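*Asks:* The following block contains the structure, expressed as structure tokens.
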Amino acid sequence: MFNDKKHISVVVPIYNEVSMLHEIYDRITAVFKGLDNYTYEIVFFDDGSTDGTRDAVEELCAKHDEAKCVFYTKNFGYLKNTFYCMQQAKGDCAIIVHADLQNPPEIIPEFIKKWENGAQVVLGVKNKSKENKVLYFLRTVFYFLMINFFGVKLTPHATEFELFDRSFIEILKKIKTNAPFLRGIVKEYASSIDYVYYTQDSRKKGKSKFNFNKYYDFALCGITQYSTCLPRKIILFSVIALIALAAEFCFVIVPNIAQTELITIANSIIIRCVLAALCVLIIVVCIMFEYIISINNKKDEKPFIVEEKRIDY
């Protein structure tokens with residue numbers, strides 16, 4: 001398709017990154033100057049930017065043959081963008097590079113080496129980070145809860161800085177979902193996974209697009225799509241609450257019945273039962289609501305990304 005050399009697609013999901021665009025291009029092209037055995041393309045997937053990024057991308061594509069772009073009609077969000085751009089990659093493998101450049105493109109050769117050694121998927125894993133220490137700690141807590149409490153299979157501190165072999169890209173194309181959780185999909189379908197460990201840089205320019213709502217959406221998507229044990233833990237919580245109520249009744253209320261007014265005993269039991277039932281009900285209703293949304297999304301056949309146009313792709 002491209003020639004005898006293996007072709008690598010570097011896909012870059014972007015949203016309002018006009019200040020970072022030329023540095024992204026320069027650093028990626030600098031890497032491939034030392035990789036003579038491969039051809040490459042840099043494909044920007046613009047998620048409805050409004051800050052001039054689109055004009056800058058078009059200018060870049062006009063000047064450089066390896067630069068290409070796909071524009072969306074609106075902003076569809078991080079999860080959908082990262083999944084879609086890997087689905088659309090045309091190379092023998094595809095590598096995601098994030099526009100904030102916190103994940104250094106300079107270690108791309110390490111990903112390629114792992115791939116050439118037989119890995120179908122190569123994940124970038126942060127073993128150190130220059131980001132805010134509080135945020136890094138919260139991420140660590142998040143992974144602990146997702147893995148140990150919710151039963152979601154994840155690699156702690158692995159990001160979407162990753163390489164997919166062509167065979168895995170073909171698997172992605174067969175997946176129909178409007179709530180794609182790429183990290184869970186990798187764990188579920190990849191036949192062989194290898195890892196590249198690196199230090200995450202701090203963001204140098206621009207403003208992070210991830211806020212609390214996006215972190216929340218990310219977590220809930222993982223829970224509803226890939227949690228294997230949450231319903232059982234809710235049941236366990238309910239049983240423990242019932243046992244606690246029964247124990248309190250047997251060892252606290254019953255021994256003091258003779259010294260306590262009947263109305264006081266009745267009120268105590270009713271209040272505790274109502275509170276316990278209310279807590280369990282709230283948890284169950286909230287989680288079931290998320291599962292219903294997830295089921296509906298899986299049934300829908302509507303596209304989750306709508307393209308406006310492509311440049312050279």
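Identifiers for the structure tokens are assigned positionally: chains receive A, B, ... in sequence, residues are indexed from 1 per chain, and ligands are indexed from 1 in the order shown.
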If you run DSSP on the backbone here, which positions in range 80-183 of chain A get alpha helix (DSSP H)? Please write them as an NGL selection string.
*Replies:* :A and (80-87 or 108-116 or 133-148 or 166-174 or 182-183)
*Asks:* What residues in range 111-181 of chain A get the DSSP label strand (DSSP E)? Please answer as a PyMOL selection string.
*Replies:* chain A and resi 121-129+158-165
*Asks:* Counting only C-alpha atoms, which residue out of A:Gln87, A:Thr159, A:Asn37, A:Asn16 sits closest to Gly52 in chain A?
*Replies:*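 The shortest atom-to-atom distance to Gly52 in chain A comes from A:Asn16.
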*Asks:* Taking into account only C-alpha atoms, which residue in the set A:Lys80, A:Lys174, A:Lys133, A:Arg183 is nearest to Thr155 in chain A?
*Replies:*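 Of A:Lys80, A:Lys174, A:Lys133, A:Arg183, the one nearest Thr155 in chain A is A:Arg183, counting only C-alpha atoms.
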*Asks:* Of the residues A:Gln88, A:Asp47, A:Ser268, A:Pro109, which is the one nearest to Ala30 in chain A, using only C-alpha atoms?
*Replies:*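 So, comparing all the options, the nearest one is A:Pro109.
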*Asks:* Hey, what's within 8 Å of Lys126 in chain A if we count only C-alpha atoms and toss same-chain stuff fewer than 5 positions away? As number ranges by chain, please?
*Replies:* A: 157-159, 197-200
*Asks:* With distances taken over only C-alpha atoms, which of A:Ala67, A:Ala119, A:Leu163, A:Leu135 is nearest to Val97 in chain A?
*Replies:* A:Leu163
*Asks:* Skipping near chain neighbours, those fewer than 6 positions away, what residues fall within 12 Å of Pro303 in chain A using only C-alpha atoms, listed as an MDAnalysis selection string?
*Replies:* chainID A and resid 76 80 84 175:179 297
*Asks:* Could those residues be written to a file, using C-alpha atoms, as a tab-separated table (two decimals), in the first residue's frame?
*Replies:*
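So the final result, stored in part.tsv, reads:
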```tsv
chain	number	residue	atom	x	y	z
A	76	PHE	CA	-17.65	14.70	20.71
A	80	LYS	CA	-14.88	9.01	21.53
A	84	TYR	CA	-12.24	6.83	16.67
A	175	ILE	CA	-16.67	-2.92	18.04
A	176	LYS	CA	-20.01	-1.09	18.00
A	177	THR	CA	-20.46	1.13	21.03
A	178	ASN	CA	-21.31	4.73	21.79
A	179	ALA	CA	-19.43	4.64	25.09
A	297	ASN	CA	-25.74	2.89	24.12
```
*Asks:* A:Asp165, A:Glu59, A:Asp194, A:Glu308: which is nearest His22 in chain A, counting only C-alpha atoms?
*Replies:* A:Glu59
*Asks:* With distances taken over only C-alpha atoms, which of A:Ile147, A:Cys273, A:Ala244, A:Ile42 is nearest to Arg27 in chain A?
*Replies:*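 Closest to Arg27 in chain A, using only C-alpha atoms: A:Ile42.
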*Asks:* What is the distance between CA of Ala94 in chain A and CA of Ile8 in chain A, in Å to one decimal?
*Replies:* 5.8 Å
*Asks:* Could you pull the residues within 12 Å of Tyr72 in chain A, counting only C-alpha atoms, minus those fewer than 4 positions along the same chain, as a list in words?
*Replies:*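 Near Tyr72 in chain A, the qualifying residues are Pro13, Ile14, Tyr15, Phe44, Phe45, Asp46, Asp47, Gly48, Ser49, Thr50, Arg54, Phe76, Gly77, Lys80, Asn81, Tyr84, Cys85, Phe304, Ile305, Val306, Glu307, Glu308, Lys309, Arg310 and Ile311 of chain A.
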*Asks:* Mind pulling up the distance from CA of Met288 in chain A to CA of Ser238 in chain A?
*Replies:* 15.3 Å
